[in-house]
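Trainee: Below is the structure I would like to discuss, written out as structure tokens.
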Protein chains: 2
Amino acid sequence: MTQLDQTFAALGDGTRRAILARLTRGEAALSEIAEPFEMSQTAVSKHVRVLSEAGLVRVSKRGRTRYCRLEAAPMKQAAEWLETYQTFWEGRFVALARYLEENP
Amino acid sequence: MTQLDQTFAALGDGTRRAILARLTRGEAALSEIAEPFEMSQTAVSKHVRVLSEAGLVRVSKRGRTRYCRLEAAPMKQAAEWLETYQTFWEGRFVALARYLEENP
DNA sequence: GATATAGTCAACCAATAAGTTGACTTTAGA
DNA sequence: TCTAAAGTCAACTTATTGGTTGACTATATC
């Protein structure tokens, strides 16, 4: 799996996106993160691991608690990949078609 | 699965992203799409189905061949979701933190 | 020292994903 | 009409995902 694979795959789950949204409000302990979800802490822990392996979250241990921090950097590449298609969802095909003609 | 789930999940696979990239060069038959990949046409067909169910590709039958067209619209939502995090990967936390303070 | 809290780990389960193959249908072309 | 091409479908395999529970470790706190 490439970084892009991991990033997109990690984002393809609502629970994980919600975790990331939570982390925009600042660092949080795993138990805090898990609290609003109707699933075991272990399950949330697994989601955090997926995010962490994708580089979207950094976990640091202090005492007995694990603090999670948002690490948005990998999203940049994903956003850039998507931007390639912006002309298409905006319906401006012609400009891109010409660009691709001129840059084969 | 929400639309966003489906979009991100569909993009979390290199083969599928390659298919989409191919389709930026215009409509293509399934067999054309499948040709460069080292897997069966059936496998590619399944990938196209995933893309189609995510609304990222539209398939139209003409004669015995299925033509696939890029349908980029769902990417817009994904891009917008990612943009929310732009301030983070750019390191401009302060501005967003203030925004969130003022808009709780 | 006793107990509660934060979290991991291993084992398990059910569902889904990603691929294969072989048989089949439909359409095109010689 | 015969054959080849485009594609689907069903069945199967293997691996991964998303979740559970129960036992465990490590750290706080009383």
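In the structure tokens, each chain is lettered A, B, ... as it comes, each chain's residues begin at 1, and ligands are numbered from 1 in order of appearance.
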Taking only stretch 33-101 of chain A into account, list the residues labelled strand (DSSP E) by DSSP (computed from the backbone), as an MDAnalysis selection string.
Mentor: chainID A and resid 57:62 65:70
Trainee: Neighbouring residues of C:DT21 were defined as those with any atom within 10 Å, considering only C-alpha atoms (C1' of nucleotides); residues of the same chain fewer than 5 positions away were excluded. Please report them as a ChimeraX atom specification.
Mentor: /B:40 /D:11-12
Trainee: With a cut-off of 10 Å and counting only C-alpha atoms (C1' of nucleotides), select all residues of chain A in contact with chain D and give the selection as a short mmCIF file (atom, residue, chain, number, x, y, z; two decimals) with N, CA, C and O atoms, in the first residue's frame.
Mentor:
data_model
loop_
_atom_site.label_atom_id
_atom_site.label_comp_id
_atom_site.auth_asym_id
_atom_site.auth_seq_id
_atom_site.Cartn_x
_atom_site.Cartn_y
_atom_site.Cartn_z
N MET A 39 -19.01 2.09 20.81
CA MET A 39 -18.26 0.85 20.58
C MET A 39 -17.19 0.78 21.66
O MET A 39 -16.94 1.76 22.37
N SER A 40 -16.59 -0.38 21.78
CA SER A 40 -15.60 -0.57 22.84
C SER A 40 -14.39 0.32 22.60
O SER A 40 -14.11 0.74 21.48
N THR A 42 -11.47 -0.68 22.77
CA THR A 42 -10.56 -1.46 21.93
C THR A 42 -10.80 -1.18 20.46
O THR A 42 -9.85 -1.02 19.68
N ALA A 43 -12.07 -1.10 20.08
CA ALA A 43 -12.40 -0.83 18.68
C ALA A 43 -11.88 0.54 18.27
O ALA A 43 -11.26 0.69 17.20
N VAL A 44 -12.10 1.53 19.13
CA VAL A 44 -11.61 2.88 18.83
C VAL A 44 -10.09 2.86 18.75
O VAL A 44 -9.48 3.46 17.86
N LYS A 46 -8.28 0.52 17.75
CA LYS A 46 -7.89 -0.03 16.44
C LYS A 46 -8.01 1.03 15.35
O LYS A 46 -7.16 1.11 14.47
N HIS A 47 -9.07 1.83 15.42
CA HIS A 47 -9.22 2.89 14.43
C HIS A 47 -8.06 3.88 14.54
O HIS A 47 -7.51 4.32 13.53
N ARG A 62 2.01 9.34 27.92
CA ARG A 62 2.43 10.10 29.11
C ARG A 62 1.73 9.46 30.29
O ARG A 62 0.50 9.52 30.40
N GLY A 63 2.52 8.86 31.16
CA GLY A 63 1.92 8.11 32.25
C GLY A 63 1.16 6.92 31.70
O GLY A 63 1.66 6.22 30.82
N ARG A 64 -0.04 6.75 32.17
CA ARG A 64 -0.80 5.59 31.68
C ARG A 64 -1.71 5.96 30.51
O ARG A 64 -2.39 5.10 29.97
N THR A 65 -1.73 7.24 30.16
CA THR A 65 -2.65 7.63 29.08
C THR A 65 -1.92 7.90 27.77
O THR A 65 -0.79 8.39 27.77
#
Trainee: With a cut-off of 12 Å, could you pull out the residues of chain C touching chain A and give me the nearest pair of atoms for each, distance in Å to one decimal, using only C-alpha atoms (C1' of nucleotides), ordered by chain and ascending number, as CSV?
Mentor:
residue,atom,partner,partner_atom,distance
C:DT5,C1',A:Arg64,CA,8.5
C:DA6,C1',A:Thr65,CA,5.4
C:DG7,C1',A:Thr65,CA,7.2
C:DT8,C1',A:Thr42,CA,8.5
C:DC9,C1',A:Thr42,CA,10.0
Trainee: Env of B:Asp13: 10 Å cut, atoms = only C-alpha atoms (C1' of nucleotides), seq-sep filter 6 positions within chain, self excluded. Answer as a ChimeraX atom specification.
Mentor: /A:1-2,4-6,8-9 /B:47
Trainee: Find the nearest atom pair between each residue of chain A and chain B for residues within 12 Å, count only C-alpha atoms, give distances in Å to one decimal, sort rows by chain and ascending number, and present the table as CSV.
Mentor:
residue,atom,partner,partner_atom,distance
A:Met1,CA,B:Gly14,CA,8.2
A:Thr2,CA,B:Gly14,CA,8.0
A:Gln3,CA,B:Gly12,CA,9.7
A:Leu4,CA,B:Gly12,CA,7.1
A:Asp5,CA,B:Gly12,CA,4.5
A:Gln6,CA,B:Gly12,CA,6.6
A:Thr7,CA,B:Gly12,CA,7.2
A:Phe8,CA,B:Gly12,CA,4.5
A:Ala9,CA,B:Gly12,CA,4.4
A:Ala10,CA,B:Gly12,CA,8.0
A:Leu11,CA,B:Phe8,CA,6.0
A:Gly12,CA,B:Ala9,CA,4.4
A:Asp13,CA,B:Asp5,CA,5.5
A:Gly14,CA,B:Asp5,CA,6.4
A:Thr15,CA,B:Asp5,CA,10.0
A:Arg16,CA,B:Asp5,CA,10.3
A:Arg17,CA,B:Asp5,CA,9.3
A:Ala18,CA,B:Trp81,CA,11.6
A:Leu20,CA,B:Tyr85,CA,9.4
A:Ala21,CA,B:Tyr85,CA,9.0
A:Arg22,CA,B:Leu100,CA,11.9
A:Leu23,CA,B:Phe88,CA,10.7
A:Thr24,CA,B:Tyr85,CA,8.2
A:Arg25,CA,B:Ala97,CA,7.4
A:Gly26,CA,B:Ala97,CA,8.7
A:Ala54,CA,B:Gly12,CA,11.7
A:Leu56,CA,B:Trp89,CA,10.3
A:Arg69,CA,B:Phe88,CA,11.1
A:Leu70,CA,B:Phe88,CA,8.2
A:Glu71,CA,B:Trp89,CA,7.4
A:Ala72,CA,B:Trp89,CA,4.8
A:Ala73,CA,B:Trp89,CA,4.6
A:Pro74,CA,B:Trp89,CA,7.9
A:Met75,CA,B:Leu82,CA,6.8
A:Lys76,CA,B:Trp89,CA,6.7
A:Gln77,CA,B:Trp89,CA,10.2
A:Ala78,CA,B:Leu82,CA,8.0
A:Ala79,CA,B:Ala79,CA,6.1
A:Glu80,CA,B:Ala79,CA,9.0
A:Trp81,CA,B:Ala79,CA,9.4
A:Leu82,CA,B:Ala79,CA,6.3
A:Glu83,CA,B:Ala79,CA,7.4
A:Thr84,CA,B:Ala21,CA,9.3
A:Tyr85,CA,B:Ala72,CA,6.6
A:Gln86,CA,B:Lys76,CA,7.3
A:Thr87,CA,B:Ala72,CA,8.9
A:Phe88,CA,B:Ala72,CA,5.8
A:Trp89,CA,B:Ala73,CA,4.6
A:Glu90,CA,B:Ala73,CA,7.8
A:Gly91,CA,B:Ala72,CA,9.1
A:Arg92,CA,B:Ala72,CA,11.4
A:Phe93,CA,B:Thr24,CA,9.0
A:Val94,CA,B:Thr24,CA,11.3
A:Leu96,CA,B:Thr24,CA,8.8
A:Ala97,CA,B:Arg25,CA,7.4
A:Arg98,CA,B:Arg25,CA,10.6
A:Tyr99,CA,B:Arg25,CA,10.9
A:Leu100,CA,B:Arg25,CA,7.9
A:Glu101,CA,B:Arg25,CA,9.4
A:Pro104,CA,B:Arg25,CA,10.5
Trainee: Write out as a PyMOL selection string all residues of chain B that DSSP puts in alpha helix (DSSP H) for this structure's backbone.
Mentor: chain B and resi 3-11+14-23+30-34+41-53+73-83+86-89+93-102
Trainee: Quote the spacing between atom CA of A:Glu32 and atom CA of A:Leu51 in Å to one decimal place.
Mentor: 16.3 Å
Trainee: Grab the atom C1' of C:DA4 to atom CA of A:Ile19 distance for me, in Å with one decimal place.
Mentor: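 Distance between the two atoms: 26.5 Å.
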